[in-house]
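I have placed the structure first, in the form of structure tokens, so that the comments after it can refer back to it.
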Amino acid sequence: MVSVINTVDTSHEDMIHDAQMDYYGTRLATCSSDRSVKIFDVRNGGQILIADLRGHEGPVWQVAWAHPMYGNILASCSYDRKVIIWKEENGTWEKTYEYTGHDSSVNSVCWAPHDYGLLLACGSSDGAISLLSYGGEGQWEVKKINNAHTIGCNAVSWAPAVVPGSLVDQPSGQKPNYIKKFASGGCDNLIKLWKEEEDGQWKEDQKLEAHSDWVRDVAWAPSIGLPTSTIASCSQDGRVFIWTCDDASGNTWSPRLLHKFNDVVWHVSWSITANILAVSGGDNKVTLWKESVDGQWMCISDVNKGQGSVSAITEGQQNEQ
Amino acid sequence: MEELDGEPTLTLIPGINSKKRQMCFDWGPGEMLVCETLFKKKEKEEKVLGCPFIYIVRKDIDVYSRILRKLFNESHSIFVGLQRIEEESAGKSRKAQLVRVSKNYRSVIRACMEEMHQVAIAAQDPVCGRQYSSQVSILSAMELIWNLCEILFIEVAPAGPLLLHLLDWVRLHVCEMDGLSADVLGSENPNKHENFWNLVTLFVLQGHLDEARQMLSKEADANPASASMCRVLGDLMRTMPILSVMLGDDNALLEQKELLSNWYHFLVTRLLYSHPTVKPIELHFYAQSSLDLFLGGDSGPEPLDNILMAAFEFDIHQVIKECSIALSNWWFVAHLTDLLDHCKLLHSHNLYFGSNMREFLLLEYASGLFAHHSLWQLGVDYFDHCPELGRVYLELHIERIPLNTEQKALKVLRICERRQMTEQVRSICKILAMKAVCNNRLGSALSWSIRAKDAAFATLVSDRFLKDYCERGSFSDLDLIDNLGPAMMLSDRLTFLGKYREFHRLYGEKRFLDAASLLLSLMTSQIAPRSFWMTLLTDALPLLEQKQVIFSAEQTYELMQCLEDLTTGRPEPRDLEGQRPQDDDIETTKVEMLRLALARNLARAIVKEGTLEGS
């Protein structure tokens with residue numbers, strides 16, 4: 001049964017654009033056109049406003065929580081071309097870094113796997129992607145990929161960390177050689193995969209073409225230890241594709257159409273064990289999709305906005321044979 | 001791309017019904033967030049007051065029911081016990097073991113049902129009461145299905161005993177008789193009771209012929225006119241097994257529809273009087289016709305009917321599929337499938353992502369448990385028994401457990417360490433170290449960094465310790481620092497911290513010579529950070545001013561060298577923030593004092609070393 005277990009009144013004075021749970025599901029960050037970022041403690045069905053962060057000068061589009069091993073850190077990006085990183089110090093939330101290197105709206109921020117350190121990717125309407133990396137003692141290093149997507153970049157998503165070779169205990173201080181990768185989606189209808197080279201520069205590794213209109217969101221699925229990699233993408237063209245790559249070198253990606261919706265699809269997101277994909281479309285619905293035995297994707301649930309009381313019908317769970 | 005059999009379920013979220021808005025969402029570790037939004041990214045001129053609410057939506061809220069939790073807890077022990085049943089035991093003894101396990105599961109369901117029934121009756125609020133009652137019906141249906149599966153798939157009763165088992169099954173689940181029987185037999189004049197003949201019929205329908213005969217003999221006693229008929233009937237009943245059917249006529253049976261209450265009761269009674277030696281493979285013929293006759297085109301089969309029918313058809317996969325659809329949580333199908341798998345009844349269908357049905361269901365069930373603040377511990381065992389994906393699912397879920405207390409954190413760590421999940425251990429220790437630093441618990445932070453083998457963080461915490469010492473003149477968490485042992489080697493700064501504390505200890509124990517050598521070595525071996533040298537040299541002062549000569553001439557030369565190194569290297573970019581003119585003065589004074597003390601010591605040392613012992 002699906003039920004609403006908590007309702008948080010954010011008191012945002014304008015449209016909410018993003019809401020993100022922290023790692024443990026105990027805190028909620030929201031951001032809005034009212035230019036604020038708010039943080040709530042939502043444990044045990046309650047809601048306590050912890051912080052109301054002001055600093056952006058335009059609608060804030062996305063927020064992203066960093067891994068808790070770095071402390072309580074939140075990134076936000078906005079129409080005002082800024083990326084702000086907020087940190088909780090001694091019980092209060094403060095701005096710890098502000099990045100103003102983009103020429104127009106920053107649309108998406110995504111933290112890399114914690115194994116890479118504190119590393120943030122930002123996609124902007126100026127077509128560039130910047131990578132902000134924390135070097136210690138308040139210093140952030142910036143790398144920029146200019147013209148990543150013509151017209152603009154709408155989404156960025158990191159690949160899960162996979163250590164090549166064995167996972168034997170590394171002696172302290174020695175970092176294993178991760179191959180850092182992320183995916184981006186843009187107004188050129190393309191999904192691009194980026195890889196960090198040995199010299200530290202970022203290079204375009206793959207171009208995935210299938211959409212006929214702006215790519216609105218990309219989501220790289222968490223790894224469950226199988227050799228396949230999976231990426232979900234959605235677009236203005238109403239289509240959602242599931243891309244899979246079977247070989248270890250990561251060279252051949254094949255798309256499979258999940259569904260063609262009747263309206264723009266804005267957002268796709270994987271559950272933490274990557275077994276369910278949630279898709280949010282222009283038709284006021286969030287649909288949940290699951291893969292079945294023969295590789296077909298099935299819609300298992302519809303979450304719809306509407307009036308009246310919550311009614312939850314016994315959920316039809318697809319059972320694979 | 002295909003749709004599920006039947007429409008996907010729709011969940012409506014209350015909110016302002018605006019046709020122009022969309023829904024934004026995010027996954028939490030165990031739940032989903034949804035809120036209203038407008039995705040088109042444009043800066044609008046006017047403020048549009050949308051719905052400011054964020055809804056947190058969750059599946060599997062059954063884990064939060066107190067009574068069901070008992071079900072989860074107890075079935076967990078049965079599950080774990082089942083996994084450990086020896087593979088070697090085969091044949092009859094193994095079958096007996098499996099039947100026992102099945103009965104255990106059923107008794108747990110019944111216990112839960114009982115408790116919930118009590119709560120339903122006692123409920124003050126009628127809505128609550130109805131909810132509990134419906135939960136009781138669901139549990140009752142689950143037990144009904146499980147029982148049938150036990151008879152058909154696990155017990156695998158052959159013809160003959162099969163019917164007896166089915167008879168027991170029906171008797172167990174049709175409760176009306178107890179009520180009716182108490183009603184009639186408890187009344188003053190049972191024979192005159194309006195339901196007397198209904199009860200006799202019911203006894204016959206359920207094969208309780210002795211009871212039926214008793215009632216008839218009472219009737220014979222009370223009503224001499226019908227005595228002969230009753231005697232004949234009674235005799236017939238007594239010798240029934242030989243004489244065969246009394247009520248073999250289906251139509252006659254159907255007329256008793258109300259007393260029969262459902263088609264499977266009808267089925268079993270039918271079999272009892274017409275085909276008592278029914279074979280298992282013949283069951284589904286009779287089942288299907290019983291269902292059709294009983295429903296008689298009035299209504300279609302309900303989900304429960306479909307499940308039972310699938311069982312009579314020995315289509316295990318269909319049973320599981322139908323149960324998954326009809327029931328709201330994975331508990332039932334996960335445990336039943338696991339048991340059937342142990343009976344070697346499931347074909348190993350390989351699912352696309354490399355798992356199989358048993359594992360798929362267990363993974364789903366266990367994932368649901370992780371949403372709960374204490375039931376997650378049960379989930380760990382289930383993941384352990386999923387050979388393909390159990391480990392990675394555990395890794396992904398266990399990192400998301402909030403570590404609100406030290407106790408919980410240690411529990412989680414123990415689980416990870418026992419399974420050699422080193423990445424998770426390291427990650428959790430780092431999280432705890434960071435939390436400790438933020439709360440100024442330096443000792444805790446240090447021990448977590450050591451456990452995480454995180455050299456960088458250990459350095460950071462050591463620096464904090466040293467800073468604290470400079471500010472306050474004393475160390476916190478002495479126990480920890482004193483007993484670092486080999487962990488000291490994790491980072492240079494940590495080693496320095498440990499050795500520096502050792503210096504203080506030696507000094508406290510008045511082992512001045514050892515303390516002095518240690519102090520000097522800290523500088524000469526470059527373990528001490530340059531920024532700390534002044535403090536170290538200042539620490540040397542009391543040693544230099546003791547009555548006895550502690551630092552040898554050679555050592556004094558080295559100290560002087562250190563001081564010179566420090567002072568000549570002075571034109572460094574100054575940290576302008578903290579430096580005030582007075583600081584400069586203090587520094588200069590210190591240096592002067594040191595130079596003086598060192599010179600004096602040098603003199604005394606030279607004299608001492610040049611003098612023969614005893615003179």
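Just so we're on the same page: first chain in the structure tokens is A, next is B, and so on; residues restart at 1 for each chain, and ligands are numbered from 1 in the order they show up.
Residues with any atom within 9 Å of A:Glu197, counting only C-alpha atoms and excluding same-chain neighbours fewer than 6 positions away, are Ile179, Lys180 and Lys203 of chain A.
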Contacts of A:Thr230 at 7 Å (only C-alpha atoms; same-chain gap of 2+ positions) as a compact mmCIF listing (two decimals) with all heavy atoms, in the first residue's frame:
# COMPACT_ATOMS: atom_id res chain seq x y z
N TRP A 220 21.93 8.27 -14.06
CA TRP A 220 22.77 7.09 -14.15
C TRP A 220 22.40 6.18 -12.98
O TRP A 220 22.42 6.61 -11.82
CB TRP A 220 24.25 7.47 -14.04
CG TRP A 220 25.17 6.51 -14.71
CD1 TRP A 220 25.17 5.14 -14.52
CD2 TRP A 220 26.21 6.78 -15.64
NE1 TRP A 220 26.15 4.58 -15.29
CE2 TRP A 220 26.81 5.56 -15.99
CE3 TRP A 220 26.70 7.96 -16.22
CZ2 TRP A 220 27.87 5.47 -16.91
CZ3 TRP A 220 27.76 7.86 -17.11
CH2 TRP A 220 28.34 6.63 -17.45
N ALA A 221 22.05 4.93 -13.28
CA ALA A 221 21.55 4.05 -12.24
C ALA A 221 22.65 3.60 -11.29
O ALA A 221 23.79 3.40 -11.71
CB ALA A 221 20.91 2.81 -12.87
N THR A 228 26.78 -4.61 -16.29
CA THR A 228 26.08 -3.63 -17.13
C THR A 228 26.01 -2.27 -16.48
O THR A 228 25.93 -2.14 -15.27
CB THR A 228 24.63 -4.06 -17.40
OG1 THR A 228 24.05 -4.39 -16.15
CG2 THR A 228 24.55 -5.25 -18.32
N ALA A 232 19.10 6.40 -17.63
CA ALA A 232 17.76 6.75 -18.07
C ALA A 232 17.79 8.19 -18.56
O ALA A 232 18.46 9.04 -17.98
CB ALA A 232 16.76 6.60 -16.94
N ILE A 242 15.93 3.94 -21.92
CA ILE A 242 16.84 3.28 -20.99
C ILE A 242 18.04 2.84 -21.83
O ILE A 242 17.90 2.05 -22.77
CB ILE A 242 16.20 2.02 -20.37
CG1 ILE A 242 14.84 2.33 -19.79
CG2 ILE A 242 17.13 1.41 -19.35
CD1 ILE A 242 14.84 2.96 -18.45
N TRP A 243 19.21 3.36 -21.48
CA TRP A 243 20.42 3.03 -22.22
C TRP A 243 21.21 2.00 -21.42
O TRP A 243 21.43 2.18 -20.23
CB TRP A 243 21.29 4.27 -22.38
CG TRP A 243 20.60 5.41 -23.07
CD1 TRP A 243 19.76 6.31 -22.50
CD2 TRP A 243 20.72 5.76 -24.44
NE1 TRP A 243 19.33 7.22 -23.45
CE2 TRP A 243 19.92 6.92 -24.64
CE3 TRP A 243 21.44 5.24 -25.52
CZ2 TRP A 243 19.80 7.53 -25.88
CZ3 TRP A 243 21.33 5.87 -26.75
CH2 TRP A 243 20.52 7.00 -26.94
N THR A 244 21.66 0.94 -22.09
CA THR A 244 22.51 -0.02 -21.39
C THR A 244 23.78 -0.29 -22.15
O THR A 244 23.81 -0.25 -23.38
CB THR A 244 21.79 -1.36 -21.18
OG1 THR A 244 21.10 -1.71 -22.36
CG2 THR A 244 20.81 -1.30 -20.04
N CYS A 245 24.80 -0.55 -21.37
CA CYS A 245 26.10 -0.85 -21.95
C CYS A 245 26.60 -2.11 -21.28
O CYS A 245 26.71 -2.18 -20.06
CB CYS A 245 27.03 0.31 -21.66
SG CYS A 245 28.70 -0.02 -22.18
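Between B:Phe294 and the candidates B:Ser261, B:Asn601, B:Gln377, B:Asn198, the tightest atom-to-atom separation, counting only C-alpha atoms, involves B:Ser261.
For A:Tyr99, the residues within 7 Å (counting only C-alpha atoms, excluding itself and residues fewer than 5 positions away along the chain) are Lys82, Val83 and Ile84 of chain A.
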Next, write the just-selected residues to a file, as an mmCIF file, in the first residue's frame, keeping N, CA, C and O atoms as the atom set.
data_model
loop_
_atom_site.group_PDB
_atom_site.id
_atom_site.type_symbol
_atom_site.label_atom_id
_atom_site.label_comp_id
_atom_site.auth_asym_id
_atom_site.auth_seq_id
_atom_site.Cartn_x
_atom_site.Cartn_y
_atom_site.Cartn_z
ATOM 1 N N LYS A 82 24.447 31.486 -10.388
ATOM 2 C CA LYS A 82 25.352 31.097 -9.317
ATOM 3 C C LYS A 82 25.113 29.667 -8.847
ATOM 4 O O LYS A 82 23.993 29.159 -8.911
ATOM 5 N N VAL A 83 26.210 29.085 -8.353
ATOM 6 C CA VAL A 83 26.112 27.838 -7.609
ATOM 7 C C VAL A 83 26.591 28.175 -6.202
ATOM 8 O O VAL A 83 27.674 28.738 -6.035
ATOM 9 N N ILE A 84 25.771 27.860 -5.198
ATOM 10 C CA ILE A 84 26.197 28.155 -3.826
ATOM 11 C C ILE A 84 26.314 26.841 -3.068
ATOM 12 O O ILE A 84 25.456 25.967 -3.186
#
Inset, instruction - Enumerate, as a PyMOL selection string, the complete set of residues in stretch 31-122 of chain A that a backbone-based DSSP assignment places in helix (DSSP H, G or I). - result: chain A and resi 43-45+68-70+114-116
Inset, instruction - Tell me, as a count of residues only, which residues lie within 6 Å of stretch 365-370 of chain B, counting only C-alpha atoms; anything in the same chain fewer than 4 positions away does not count. - result: 4
